[in-house]
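Asks: So here's final21.pdb (PDB, C-alpha atoms and all ligand atoms).
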ATOM      1  CA  MET A   1     -13.280  22.393  20.291
ATOM      2  CA  TYR A   2     -11.159  25.364  19.159
ATOM      3  CA  LEU A   3     -10.805  28.324  21.504
ATOM      4  CA  VAL A   4     -10.102  31.539  19.608
ATOM      5  CA  THR A   5      -9.083  34.663  21.513
ATOM      6  CA  GLY A   6      -9.335  38.043  19.810
ATOM      7  CA  ALA A   7     -12.250  36.521  17.908
ATOM      8  CA  THR A   8     -13.668  39.935  16.975
ATOM      9  CA  GLY A   9     -10.297  41.267  15.758
ATOM     10  CA  GLY A  10      -9.038  41.654  12.212
ATOM     11  CA  LEU A  11      -7.389  38.235  12.299
ATOM     12  CA  GLY A  12      -9.559  36.408  14.847
ATOM     13  CA  ARG A  13     -12.844  36.861  13.002
ATOM     14  CA  ARG A  14     -11.276  35.436   9.842
ATOM     15  CA  VAL A  15      -9.995  32.470  11.875
ATOM     16  CA  VAL A  16     -13.504  31.840  13.231
ATOM     17  CA  ARG A  17     -14.979  32.203   9.741
ATOM     18  CA  ILE A  18     -12.656  29.545   8.292
ATOM     19  CA  LEU A  19     -13.183  27.151  11.210
ATOM     20  CA  ARG A  20     -16.954  27.453  10.911
ATOM     21  CA  GLU A  21     -16.842  27.077   7.113
ATOM     22  CA  ARG A  22     -15.140  23.757   7.840
ATOM     23  CA  GLU A  23     -17.924  23.034  10.341
ATOM     24  CA  LEU A  24     -15.481  22.755  13.223
ATOM     25  CA  PRO A  25     -16.669  23.631  16.734
ATOM     26  CA  VAL A  26     -15.434  27.031  17.902
ATOM     27  CA  ARG A  27     -15.553  28.832  21.212
ATOM     28  CA  ALA A  28     -14.993  32.523  20.564
ATOM     29  CA  PHE A  29     -13.634  34.495  23.517
ATOM     30  CA  VAL A  30     -15.306  37.915  23.364
ATOM     31  CA  ARG A  31     -15.938  40.816  25.667
ATOM     32  CA  LEU A  32     -19.444  41.942  26.531
ATOM     33  CA  THR A  33     -18.651  45.163  24.683
ATOM     34  CA  SER A  34     -17.260  43.369  21.597
ATOM     35  CA  ARG A  35     -19.080  43.400  18.267
ATOM     36  CA  TYR A  36     -19.740  39.678  18.083
ATOM     37  CA  GLY A  37     -22.881  39.556  15.911
ATOM     38  CA  GLU A  38     -21.012  38.010  12.962
ATOM     39  CA  LEU A  39     -19.665  35.236  15.200
ATOM     40  CA  GLU A  40     -23.161  34.426  16.455
ATOM     41  CA  ASN A  41     -24.394  34.261  12.873
ATOM     42  CA  ARG A  42     -21.674  31.730  12.145
ATOM     43  CA  ASP A  43     -22.885  29.572  15.038
ATOM     44  CA  ALA A  44     -19.693  29.950  17.029
ATOM     45  CA  GLU A  45     -20.147  29.352  20.752
ATOM     46  CA  LEU A  46     -19.610  32.675  22.509
ATOM     47  CA  PHE A  47     -17.648  32.873  25.716
ATOM     48  CA  ILE A  48     -18.102  36.290  27.243
ATOM     49  CA  GLY A  49     -15.221  37.303  29.466
ATOM     50  CA  ASP A  50     -12.164  39.460  29.854
ATOM     51  CA  LEU A  51      -8.642  38.225  29.165
ATOM     52  CA  ARG A  52      -7.404  40.298  32.089
ATOM     53  CA  GLN A  53      -9.263  37.891  34.378
ATOM     54  CA  ASP A  54      -7.504  34.571  34.985
ATOM     55  CA  LYS A  55     -10.760  32.961  36.125
ATOM     56  CA  ASP A  56     -12.373  33.780  32.764
ATOM     57  CA  ILE A  57      -9.435  32.189  30.941
ATOM     58  CA  GLN A  58      -9.702  29.109  33.154
ATOM     59  CA  LYS A  59     -13.397  28.686  32.335
ATOM     60  CA  ALA A  60     -12.927  29.345  28.630
ATOM     61  CA  CYS A  61     -10.258  26.638  28.340
ATOM     62  CA  GLN A  62     -12.417  23.843  29.717
ATOM     63  CA  GLY A  63     -13.029  21.045  27.213
ATOM     64  CA  VAL A  64     -10.864  22.645  24.559
ATOM     65  CA  GLN A  65      -8.456  20.707  22.282
ATOM     66  CA  TYR A  66      -6.960  23.579  20.291
ATOM     67  CA  ILE A  67      -6.194  27.176  21.182
ATOM     68  CA  ILE A  68      -5.539  29.943  18.679
ATOM     69  CA  SER A  69      -4.341  33.001  20.575
ATOM     70  CA  ALA A  70      -5.077  35.954  18.300
ATOM     71  CA  HIS A  71      -5.971  38.764  20.685
ATOM     72  CA  GLY A  72      -4.385  42.190  20.712
ATOM     73  CA  SER A  73      -3.497  44.374  23.647
ATOM     74  CA  GLY A  74      -4.779  47.870  22.877
ATOM     75  CA  GLY A  75      -1.800  49.475  24.654
ATOM     76  CA  ASP A  76      -1.573  47.126  27.650
ATOM     77  CA  ALA A  77       1.006  44.580  26.505
ATOM     78  CA  PRO A  78       2.003  43.331  29.981
ATOM     79  CA  ALA A  79      -1.585  42.357  30.870
ATOM     80  CA  LEU A  80      -2.751  41.044  27.501
ATOM     81  CA  ASP A  81       0.181  40.165  25.254
ATOM     82  CA  TYR A  82       2.090  38.689  28.175
ATOM     83  CA  ARG A  83      -0.007  37.741  31.209
ATOM     84  CA  ALA A  84      -3.141  36.493  29.398
ATOM     85  CA  ASN A  85      -1.044  34.281  27.097
ATOM     86  CA  ILE A  86       0.892  32.796  30.017
ATOM     87  CA  GLU A  87      -2.414  31.932  31.674
ATOM     88  CA  LEU A  88      -3.757  30.456  28.424
ATOM     89  CA  ILE A  89      -0.643  28.278  28.122
ATOM     90  CA  ASP A  90      -0.904  27.113  31.742
ATOM     91  CA  ARG A  91      -4.588  26.274  31.284
ATOM     92  CA  ALA A  92      -3.817  24.538  27.988
ATOM     93  CA  LYS A  93      -1.367  22.284  29.815
ATOM     94  CA  ALA A  94      -3.819  21.589  32.621
ATOM     95  CA  ASN A  95      -6.539  20.666  30.117
ATOM     96  CA  GLY A  96      -4.353  18.493  27.852
ATOM     97  CA  VAL A  97      -4.754  20.797  24.854
ATOM     98  CA  GLN A  98      -3.401  19.131  21.698
ATOM     99  CA  HIS A  99      -1.985  22.180  19.922
ATOM    100  CA  PHE A 100      -1.453  25.863  20.754
ATOM    101  CA  VAL A 101      -1.164  28.431  17.969
ATOM    102  CA  PHE A 102       0.349  31.698  19.095
ATOM    103  CA  ILE A 103       0.232  34.824  16.952
ATOM    104  CA  SER A 104       3.451  36.611  17.676
ATOM    105  CA  VAL A 105       4.993  39.338  15.508
ATOM    106  CA  LEU A 106       7.754  39.526  12.919
ATOM    107  CA  GLY A 107      10.791  40.901  14.723
ATOM    108  CA  ALA A 108      10.115  39.109  18.001
ATOM    109  CA  GLY A 109      13.466  37.630  18.947
ATOM    110  CA  ARG A 110      15.419  40.699  17.878
ATOM    111  CA  GLY A 111      15.411  42.003  21.457
ATOM    112  CA  TYR A 112      13.458  45.261  21.050
ATOM    113  CA  GLN A 113      13.404  45.960  24.793
ATOM    114  CA  ASP A 114      11.851  49.415  24.433
ATOM    115  CA  ALA A 115       8.783  48.048  22.632
ATOM    116  CA  PRO A 116       6.381  46.383  25.114
ATOM    117  CA  VAL A 117       4.513  44.312  22.532
ATOM    118  CA  PHE A 118       7.720  42.813  21.118
ATOM    119  CA  LYS A 119       9.101  42.207  24.592
ATOM    120  CA  ALA A 120       5.917  40.436  25.709
ATOM    121  CA  LYS A 121       5.636  38.315  22.550
ATOM    122  CA  GLU A 122       9.251  37.232  22.875
ATOM    123  CA  ALA A 123       8.739  36.150  26.481
ATOM    124  CA  VAL A 124       5.554  34.228  25.600
ATOM    125  CA  GLU A 125       7.305  32.476  22.712
ATOM    126  CA  LYS A 126       9.970  31.221  25.123
ATOM    127  CA  TYR A 127       7.385  30.134  27.698
ATOM    128  CA  LEU A 128       5.385  28.237  25.084
ATOM    129  CA  GLN A 129       8.496  26.527  23.723
ATOM    130  CA  GLY A 130       9.330  25.286  27.207
ATOM    131  CA  SER A 131       5.751  24.285  28.062
ATOM    132  CA  GLY A 132       5.772  20.759  26.638
ATOM    133  CA  LEU A 133       2.687  21.595  24.528
ATOM    134  CA  ASN A 134       2.591  21.090  20.779
ATOM    135  CA  TYR A 135       2.723  24.566  19.355
ATOM    136  CA  THR A 136       3.082  26.729  16.283
ATOM    137  CA  ILE A 137       4.382  30.253  16.713
ATOM    138  CA  LEU A 138       3.500  32.489  13.787
ATOM    139  CA  ARG A 139       5.424  35.736  13.388
ATOM    140  CA  PRO A 140       3.443  37.821  10.916
ATOM    141  CA  SER A 141       4.434  41.094   9.301
ATOM    142  CA  GLY A 142       1.838  43.907   8.979
ATOM    143  CA  PHE A 143      -1.698  42.818   8.056
ATOM    144  CA  ALA A 144      -3.117  43.844   4.665
ATOM    145  CA  SER A 145      -6.530  44.389   6.295
ATOM    146  CA  ASN A 146      -5.050  47.253   8.337
ATOM    147  CA  LEU A 147      -4.465  49.102   5.082
ATOM    148  CA  LEU A 148      -8.123  48.988   3.977
ATOM    149  CA  PRO A 149      -9.169  52.162   5.872
ATOM    150  CA  LEU A 150      -6.082  53.965   4.526
ATOM    151  CA  ALA A 151      -6.953  52.813   1.036
ATOM    152  CA  GLU A 152     -10.481  54.193   1.449
ATOM    153  CA  GLN A 153      -9.030  57.547   2.531
ATOM    154  CA  PHE A 154      -6.700  57.436  -0.452
ATOM    155  CA  ARG A 155      -9.637  56.763  -2.741
ATOM    156  CA  GLN A 156     -11.209  60.049  -1.557
ATOM    157  CA  THR A 157      -8.112  62.282  -1.364
ATOM    158  CA  GLY A 158      -5.193  60.679  -3.239
ATOM    159  CA  ILE A 159      -3.067  61.469  -0.160
ATOM    160  CA  TYR A 160      -0.919  58.870   1.627
ATOM    161  CA  LEU A 161       0.852  59.687   4.900
ATOM    162  CA  LEU A 162       4.092  57.745   5.069
ATOM    163  CA  ASN A 163       5.845  58.078   8.411
ATOM    164  CA  GLY A 164       9.523  57.166   8.577
ATOM    165  CA  ASN A 165      11.922  55.848   5.962
ATOM    166  CA  PRO A 166      10.145  55.156   2.632
ATOM    167  CA  GLN A 167      12.919  52.727   1.671
ATOM    168  CA  ASN A 168      12.319  50.386   4.608
ATOM    169  CA  ARG A 169      11.256  46.920   3.496
ATOM    170  CA  THR A 170       8.068  45.132   4.556
ATOM    171  CA  SER A 171       6.172  41.984   3.511
ATOM    172  CA  ILE A 172       2.538  42.889   4.138
ATOM    173  CA  VAL A 173       0.581  39.658   4.577
ATOM    174  CA  SER A 174      -2.952  38.907   3.424
ATOM    175  CA  THR A 175      -4.917  38.594   6.671
ATOM    176  CA  ASP A 176      -6.946  35.831   5.011
ATOM    177  CA  ASP A 177      -3.795  33.810   4.264
ATOM    178  CA  LEU A 178      -2.593  34.250   7.833
ATOM    179  CA  ALA A 179      -5.966  33.075   9.186
ATOM    180  CA  GLN A 180      -5.795  29.970   6.994
ATOM    181  CA  ILE A 181      -2.243  29.274   8.146
ATOM    182  CA  ALA A 182      -3.299  29.627  11.789
ATOM    183  CA  VAL A 183      -6.238  27.240  11.301
ATOM    184  CA  ASP A 184      -4.144  24.685   9.407
ATOM    185  CA  SER A 185      -1.223  24.752  11.837
ATOM    186  CA  PRO A 186      -2.392  21.964  14.179
ATOM    187  CA  ASN A 187      -2.664  19.564  11.212
ATOM    188  CA  VAL A 188       0.393  20.504   9.169
ATOM    189  CA  GLU A 189       3.304  18.284  10.032
ATOM    190  CA  GLY A 190       5.997  20.805   9.161
ATOM    191  CA  ALA A 191       4.380  23.410  11.432
ATOM    192  CA  CYS A 192       4.505  21.434  14.671
ATOM    193  CA  ASN A 193       6.788  23.012  17.270
ATOM    194  CA  GLN A 194       8.009  25.601  14.777
ATOM    195  CA  ILE A 195       8.456  29.356  14.757
ATOM    196  CA  LEU A 196       7.471  30.617  11.310
ATOM    197  CA  SER A 197       7.778  34.075   9.801
ATOM    198  CA  VAL A 198       4.647  34.922   7.827
ATOM    199  CA  GLY A 199       4.580  37.574   5.126
ATOM    200  CA  GLY A 200       3.191  38.213   1.686
ATOM    201  CA  PRO A 201       4.933  36.961  -1.461
ATOM    202  CA  ASP A 202       6.627  40.307  -2.231
ATOM    203  CA  ILE A 203       9.249  42.301  -0.379
ATOM    204  CA  LEU A 204       7.880  45.823  -0.665
ATOM    205  CA  ARG A 205       9.467  49.176   0.120
ATOM    206  CA  ARG A 206       7.090  51.202   2.245
ATOM    207  CA  GLU A 207       6.854  53.732  -0.600
ATOM    208  CA  ASP A 208       5.465  50.933  -2.812
ATOM    209  CA  ILE A 209       2.223  50.920  -0.800
ATOM    210  CA  PRO A 210       0.891  54.284  -2.071
ATOM    211  CA  ARG A 211       2.016  53.254  -5.580
ATOM    212  CA  ILE A 212      -0.105  50.111  -5.266
ATOM    213  CA  PHE A 213      -3.025  52.242  -4.046
ATOM    214  CA  GLY A 214      -2.420  54.454  -7.083
ATOM    215  CA  ARG A 215      -2.687  51.451  -9.421
ATOM    216  CA  VAL A 216      -5.773  50.083  -7.673
ATOM    217  CA  PHE A 217      -7.629  53.425  -7.872
ATOM    218  CA  ASN A 218      -5.990  54.639 -11.071
ATOM    219  CA  ARG A 219      -4.889  57.793  -9.310
ATOM    220  CA  GLU A 220      -1.453  59.431  -8.915
ATOM    221  CA  PRO A 221      -0.509  59.283  -5.195
ATOM    222  CA  ILE A 222       0.434  62.383  -3.230
ATOM    223  CA  ILE A 223       2.902  61.038  -0.654
ATOM    224  CA  VAL A 224       3.339  63.083   2.521
ATOM    225  CA  ASN A 225       6.505  61.814   4.177
ATOM    226  CA  PRO A 226       7.412  63.481   7.471
ATOM    227  CA  PRO A 227      10.782  62.196   8.726
ATOM    228  CA  LEU A 228      10.952  60.156  11.909
ATOM    229  CA  PHE A 229      12.067  63.123  14.047
ATOM    230  CA  VAL A 230       8.685  64.765  13.411
ATOM    231  CA  PHE A 231       7.003  61.626  14.800
ATOM    232  CA  ASP A 232       9.401  61.781  17.768
ATOM    233  CA  GLY A 233       8.478  65.438  18.420
ATOM    234  CA  VAL A 234       4.742  64.723  18.320
ATOM    235  CA  ARG A 235       5.314  61.623  20.485
ATOM    236  CA  SER A 236       7.102  63.666  23.189
ATOM    237  CA  ILE A 237       4.197  66.129  23.364
ATOM    238  CA  VAL A 238       1.549  63.369  23.457
ATOM    239  CA  GLU A 239       3.459  61.535  26.203
ATOM    240  CA  LEU A 240       3.708  64.703  28.259
ATOM    241  CA  VAL A 241      -0.053  65.168  28.115
ATOM    242  CA  ASN A 242      -0.828  61.440  28.447
ATOM    243  CA  PRO A 243       1.983  59.324  29.962
ATOM    244  CA  GLU A 244      -0.148  56.196  29.390
ATOM    245  CA  ALA A 245       0.328  56.604  25.635
ATOM    246  CA  LYS A 246       4.060  55.947  26.041
ATOM    247  CA  LYS A 247       3.901  52.147  25.775
ATOM    248  CA  GLY A 248       1.844  52.091  22.590
ATOM    249  CA  LEU A 249       3.941  54.796  20.979
ATOM    250  CA  SER A 250       7.254  53.093  21.686
ATOM    251  CA  THR A 251       6.011  49.942  19.932
ATOM    252  CA  LEU A 252       4.833  52.102  17.007
ATOM    253  CA  ARG A 253       8.252  53.826  16.943
ATOM    254  CA  THR A 254       9.931  50.418  16.675
ATOM    255  CA  LEU A 255       7.616  49.496  13.796
ATOM    256  CA  LEU A 256       8.356  52.736  11.961
ATOM    257  CA  ALA A 257      12.116  52.671  12.483
ATOM    258  CA  ASN A 258      12.865  49.104  11.422
ATOM    259  CA  GLU A 259      12.392  46.700   8.543
ATOM    260  CA  PHE A 260       9.959  43.788   8.816
ATOM    261  CA  PHE A 261      10.090  41.469   5.845
ATOM    262  CA  CYS A 262      10.369  37.758   5.103
ATOM    263  CA  THR A 263      13.094  36.334   2.915
ATOM    264  CA  PRO A 264      12.154  34.517  -0.316
ATOM    265  CA  GLU A 265      13.342  31.298   1.359
ATOM    266  CA  GLU A 266      10.960  31.827   4.306
ATOM    267  CA  ILE A 267       8.068  32.446   1.909
ATOM    268  CA  ALA A 268       8.901  29.396  -0.202
ATOM    269  CA  HIS A 269       9.072  27.258   2.959
ATOM    270  CA  LEU A 270       5.708  28.555   4.157
ATOM    271  CA  GLU A 271       4.028  27.951   0.787
ATOM    272  CA  SER A 272       5.483  24.496   0.671
ATOM    273  CA  ILE A 273       4.499  23.266   4.143
ATOM    274  CA  TYR A 274       1.001  24.799   4.056
ATOM    275  CA  ASN A 275       0.509  23.975   0.377
ATOM    276  CA  LEU A 276      -0.790  27.435  -0.505
ATOM    277  CA  LYS A 277       0.075  30.338  -2.778
ATOM    278  CA  LEU A 278       0.320  33.547  -0.783
ATOM    279  CA  GLU A 279      -1.665  36.511  -2.045
ATOM    280  CA  SER A 280      -0.032  39.816  -3.007
ATOM    281  CA  LEU A 281      -1.099  43.072  -1.367
ATOM    282  CA  GLU A 282      -2.444  44.372  -4.663
ATOM    283  CA  SER A 283      -4.632  41.318  -5.164
ATOM    284  CA  PHE A 284      -5.916  41.542  -1.559
ATOM    285  CA  LEU A 285      -6.837  45.213  -1.999
ATOM    286  CA  ARG A 286      -8.534  44.651  -5.337
ATOM    287  CA  ARG A 287     -10.539  41.772  -3.878
ATOM    288  CA  TYR A 288     -11.807  43.861  -0.946
ATOM    289  CA  LEU A 289     -12.188  47.198  -2.682
ATOM    290  CA  GLY A 290     -13.723  45.877  -5.877
ATOM    291  CA  ASN A 291     -11.237  47.637  -8.181
TER
HETATM  292  N1  LIG B 301      -2.325  44.039  12.911
HETATM  293  C1  LIG B 301      -1.090  43.770  12.518
HETATM  294  O1  LIG B 301      -0.565  44.334  11.538
HETATM  295  C2  LIG B 301      -0.295  42.726  13.257
HETATM  296  C3  LIG B 301       1.001  42.424  12.829
HETATM  297  C4  LIG B 301       1.716  41.413  13.504
HETATM  298  C5  LIG B 301       1.140  40.744  14.575
HETATM  299  N2  LIG B 301      -0.125  41.087  14.975
HETATM  300  C6  LIG B 301      -0.726  40.338  16.102
HETATM  301  O2  LIG B 301      -1.827  39.630  15.596
HETATM  302  C7  LIG B 301      -2.843  39.484  16.598
HETATM  303  C8  LIG B 301      -4.170  39.936  16.034
HETATM  304  O3  LIG B 301      -4.060  41.286  15.640
HETATM  305  P1  LIG B 301      -5.341  42.070  15.067
HETATM  306  O4  LIG B 301      -4.824  43.260  14.329
HETATM  307  O5  LIG B 301      -6.258  41.118  14.399
HETATM  308  O6  LIG B 301      -6.002  42.548  16.432
HETATM  309  P2  LIG B 301      -7.175  43.600  16.630
HETATM  310  O7  LIG B 301      -7.940  43.757  15.340
HETATM  311  O8  LIG B 301      -6.584  44.807  17.259
HETATM  312  O9  LIG B 301      -8.127  42.848  17.655
HETATM  313  C9  LIG B 301      -7.791  42.695  18.970
HETATM  314  C10 LIG B 301      -8.716  41.652  19.555
HETATM  315  O10 LIG B 301      -8.346  41.404  20.922
HETATM  316  C11 LIG B 301      -9.513  41.528  21.709
HETATM  317  N3  LIG B 301      -9.219  41.987  23.073
HETATM  318  C12 LIG B 301      -8.499  43.082  23.430
HETATM  319  N4  LIG B 301      -8.486  43.199  24.778
HETATM  320  C13 LIG B 301      -9.221  42.164  25.271
HETATM  321  C14 LIG B 301      -9.591  41.739  26.571
HETATM  322  N5  LIG B 301      -9.200  42.406  27.664
HETATM  323  N6  LIG B 301     -10.369  40.638  26.700
HETATM  324  C15 LIG B 301     -10.788  39.945  25.602
HETATM  325  N7  LIG B 301     -10.464  40.307  24.339
HETATM  326  C16 LIG B 301      -9.697  41.393  24.170
HETATM  327  C17 LIG B 301     -10.371  42.557  20.978
HETATM  328  O11 LIG B 301     -11.692  42.485  21.435
HETATM  329  P3  LIG B 301     -12.736  43.725  21.242
HETATM  330  O12 LIG B 301     -13.386  43.497  19.921
HETATM  331  O13 LIG B 301     -13.646  43.583  22.394
HETATM  332  O14 LIG B 301     -11.933  44.992  21.301
HETATM  333  C18 LIG B 301     -10.180  42.083  19.560
HETATM  334  O15 LIG B 301     -10.982  40.970  19.270
HETATM  335  C19 LIG B 301      -2.353  40.291  17.802
HETATM  336  O16 LIG B 301      -1.751  39.414  18.707
HETATM  337  C20 LIG B 301      -1.295  41.215  17.203
HETATM  338  O17 LIG B 301      -0.283  41.553  18.141
HETATM  339  C21 LIG B 301      -0.850  42.051  14.351
END
Can the structure in the file be given as structure tokens, please?
Ligand SMILES: NC(=O)c1ccc[n+]([C@@H]2O[C@H](COP(=O)([O-])OP(=O)(O)OC[C@H]3O[C@@H](n4cnc5c(N)ncnc54)[C@H](OP(=O)(O)O)[C@@H]3O)[C@@H](O)[C@H]2O)c1
Replies:
Amino acid sequence: MYLVTGATGGLGRRVVRILRERELPVRAFVRLTSRYGELENRDAELFIGDLRQDKDIQKACQGVQYIISAHGSGGDAPALDYRANIELIDRAKANGVQHFVFISVLGAGRGYQDAPVFKAKEAVEKYLQGSGLNYTILRPSGFASNLLPLAEQFRQTGIYLLNGNPQNRTSIVSTDDLAQIAVDSPNVEGACNQILSVGGPDILRREDIPRIFGRVFNREPIIVNPPLFVFDGVRSIVELVNPEAKKGLSTLRTLLANEFFCTPEEIAHLESIYNLKLESLESFLRRYLGN
């Protein structure tokens, strides 16, 4: 039995889809408020709970052989990116889980102390490495599926808002490729007890993204590029009004201010051990947007 957390998320629902297409048994951890209709249709077993509750995690882990931790934190990294994963790892040990796949983030390990998500992921990586469990830690760059709503907006307006340095490099990953890599990890020899960076096949500059949109929709992009200090100004005002927003915004600031890309060697290694050809952002967008 595979336990998938974040099963209604951009990545998690693709993970469940692939597992069920392979007719593997899946327990999908969802909240009562989650949109889990698709998972039910795929005959995944639903476990309704909250990852903030240790007792729910304990129950969900019973009788499970594999765990794929793919949940997000929605602004509360200490409770969800950190605490819930520590509990999942402890329960995995107690239940003799055979393999634990942890979705971390590209850049974890660089010591971004001001960014709660990075800090939490880094701590969980270390805990998992010392747990004695078989594991695969995947450090993905930005997901291509996150760009679909922006692409739809672009289709209507031709406008692309690019915050921060347009020259910064990124390796946007096909969310479908990442899901396949996560599902395959327990059975791929070269992935056992490894930390792997996961990106798309191309190193892009952030300004390449609106150009790709332009090609997909056959439309000249209008790029609006406020410098980072404008983001910082808006951030200060938002944090004054809502101090709770601070944690999420400092992680976003880290994402905007730094480069997150995989080297050609990392990509070649990934393609070789998982025996797959990674999809480009343009191909992903064309596939989803029908252009
Ligand atoms: N998106 C990216 O570009 C990116 C890049 C690198 C790494 N990652 C990592 O990849 C993973 C998946 O990201 P994603 O973009 O697919 O996530 P997402 O779409 O934001 O989905 C988050 C998932 O976590 C669930 N969740 C949140 N709080 C929960 C709680 N208290 N109890 C139970 N479930 C809860 C959500 O359930 P509901 O449906 O109920 O809200 C949802 O299924 C995350 O760990 C993220 O940090 C993402």
Asks: Using only C-alpha atoms and all ligand atoms, which protein or nucleic acid residues are at most 7 Å from ligand LIG 301 (chain B), as a PyMOL selection string?
Replies: chain A and resi 5-12+29-31+33-35+49-52+70-74+80-81+103-106+139-143+146
Asks: Taking the file as shown, find all residues satisfying the PyMOL selection byres (((chain A and resi 134-136) around 8) and not hetatm) and write them as a list in words.
Replies: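 When the PyMOL selection byres (((chain A and resi 134-136) around 8) and not hetatm) is applied, the selected residues are Gln98, His99, Phe100, Val101, Phe102, Leu128, Gln129, Gly132, Leu133, Ile137, Leu138, Ser185, Pro186, Ala191, Cys192, Asn193, Gln194, Ile195 and Leu196 of chain A.
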Asks: Take the PyMOL selection byres (((chain A and resi 269-282) around 8) and not hetatm), apply it to the structure above, and return the hits as an NGL selection string.
Replies: :A and (144 or 172-174 or 177 or 181 or 184 or 188-191 or 196 or 198 or 200-202 or 212-213 or 216 or 265-268 or 283-286)
Asks: Show me, as a PyMOL selection string, the residues that have an atom within 8 Å of Val15 in chain A when counting all atoms listed in the file, minus same-chain residues fewer than 6 positions from it.
Replies: chain A and resi 4+7+179-180+182-183
Asks: Which value, in Å to one decimal, gives the distance between CA of Ser145 in chain A and CA of Arg14 in chain A?
Replies: 10.7 Å
Asks: With all atoms listed in the file as the counted atoms, please give the residues lying no more than 12 Å from Glu23 in chain A, apart from itself and same-chain residues fewer than 2 positions off, as a list in words.
Replies: Met1, Tyr2, Val16, Arg17, Ile18, Leu19, Arg20, Glu21, Pro25, Val26, Arg42, Asp43 and Ala44 of chain A
Asks: What does the PyMOL selection byres (((chain A and resi 258) around 10) and not hetatm) select in this file, as a list of chain:residue names?
Replies: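 Output of the PyMOL selection byres (((chain A and resi 258) around 10) and not hetatm): A:Gly107, A:Gly164, A:Asn165, A:Asn168, A:Arg169, A:Thr170, A:Arg253, A:Thr254, A:Leu255, A:Leu256, A:Ala257, A:Glu259, A:Phe260, A:Phe261.
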Asks: From the list A:Gly233, A:Pro227, A:Gly158, A:Gly130, which residue is nearest Ile86 in chain A when using only C-alpha atoms?
Replies: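 Of A:Gly233, A:Pro227, A:Gly158, A:Gly130, the one nearest Ile86 in chain A, counting only C-alpha atoms, is A:Gly130.
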Asks: Would you compute the distance between CA of Tyr288 in chain A and CA of Pro210 in chain A? Give it in Å to one decimal.
Replies: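 Going from CA of Tyr288 in chain A over to CA of Pro210 in chain A covers 16.5 Å.
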Asks: Using 6 Å of padding on each side, determine the axis-aligned box around all atoms of range 53-71 of chain A present in the file and give its centre and edge lengths in Å to one decimal, as AutoDock Vina command-line options.
Replies:
--center_x -8.9 --center_y 29.7 --center_z 27.2 --size_x 21.1 --size_y 30.1 --size_z 29.8
Asks: Counting only C-alpha atoms, which residue out of A:Gly75, A:Pro166, A:Gly290, A:Pro116 sits closest to Leu228 in chain A?
Replies: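 Distance minimum relative to Leu228 in chain A lands on A:Pro166.
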Asks: Would you mind reading off the distance between CA of Asp54 in chain A and CA of Asn41 in chain A, one decimal, in Å?
Replies: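 Taking CA of Asp54 in chain A as the start and CA of Asn41 in chain A as the end point, the length is 27.8 Å.
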Asks: Could you write range 261-272 of chain A as a PDB file, keeping the file's coordinate frame, with N, CA and C atoms rebuilt where they are missing?
Replies:
ATOM      1  N   PHE A 261      10.419  42.197   7.070  1.00  0.00           N
ATOM      2  CA  PHE A 261      10.090  41.469   5.845  1.00  0.00           C
ATOM      3  C   PHE A 261      10.581  40.027   5.942  1.00  0.00           C
ATOM      4  N   CYS A 262       9.976  39.169   5.144  1.00  0.00           N
ATOM      5  CA  CYS A 262      10.369  37.758   5.103  1.00  0.00           C
ATOM      6  C   CYS A 262      11.274  37.541   3.897  1.00  0.00           C
ATOM      7  N   THR A 263      12.208  36.639   4.035  1.00  0.00           N
ATOM      8  CA  THR A 263      13.094  36.334   2.915  1.00  0.00           C
ATOM      9  C   THR A 263      12.346  35.438   1.916  1.00  0.00           C
ATOM     10  N   PRO A 264      12.793  35.419   0.670  1.00  0.00           N
ATOM     11  CA  PRO A 264      12.154  34.517  -0.316  1.00  0.00           C
ATOM     12  C   PRO A 264      12.196  33.061   0.158  1.00  0.00           C
ATOM     13  N   GLU A 265      13.246  32.687   0.869  1.00  0.00           N
ATOM     14  CA  GLU A 265      13.342  31.298   1.359  1.00  0.00           C
ATOM     15  C   GLU A 265      12.243  31.032   2.394  1.00  0.00           C
ATOM     16  N   GLU A 266      12.017  32.007   3.286  1.00  0.00           N
ATOM     17  CA  GLU A 266      10.960  31.827   4.306  1.00  0.00           C
ATOM     18  C   GLU A 266       9.594  31.694   3.629  1.00  0.00           C
ATOM     19  N   ILE A 267       9.369  32.496   2.600  1.00  0.00           N
ATOM     20  CA  ILE A 267       8.068  32.446   1.909  1.00  0.00           C
ATOM     21  C   ILE A 267       7.909  31.111   1.182  1.00  0.00           C
ATOM     22  N   ALA A 268       8.977  30.679   0.523  1.00  0.00           N
ATOM     23  CA  ALA A 268       8.901  29.396  -0.202  1.00  0.00           C
ATOM     24  C   ALA A 268       8.629  28.256   0.786  1.00  0.00           C
ATOM     25  N   HIS A 269       9.268  28.300   1.940  1.00  0.00           N
ATOM     26  CA  HIS A 269       9.072  27.258   2.959  1.00  0.00           C
ATOM     27  C   HIS A 269       7.612  27.246   3.423  1.00  0.00           C
ATOM     28  N   LEU A 270       7.097  28.430   3.702  1.00  0.00           N
ATOM     29  CA  LEU A 270       5.708  28.555   4.157  1.00  0.00           C
ATOM     30  C   LEU A 270       4.732  27.999   3.116  1.00  0.00           C
ATOM     31  N   GLU A 271       4.927  28.404   1.859  1.00  0.00           N
ATOM     32  CA  GLU A 271       4.028  27.951   0.787  1.00  0.00           C
ATOM     33  C   GLU A 271       4.113  26.434   0.626  1.00  0.00           C
ATOM     34  N   SER A 272       5.313  25.933   0.858  1.00  0.00           N
ATOM     35  CA  SER A 272       5.483  24.496   0.671  1.00  0.00           C
ATOM     36  C   SER A 272       4.818  23.715   1.811  1.00  0.00           C
TER      37      SER A 272
END
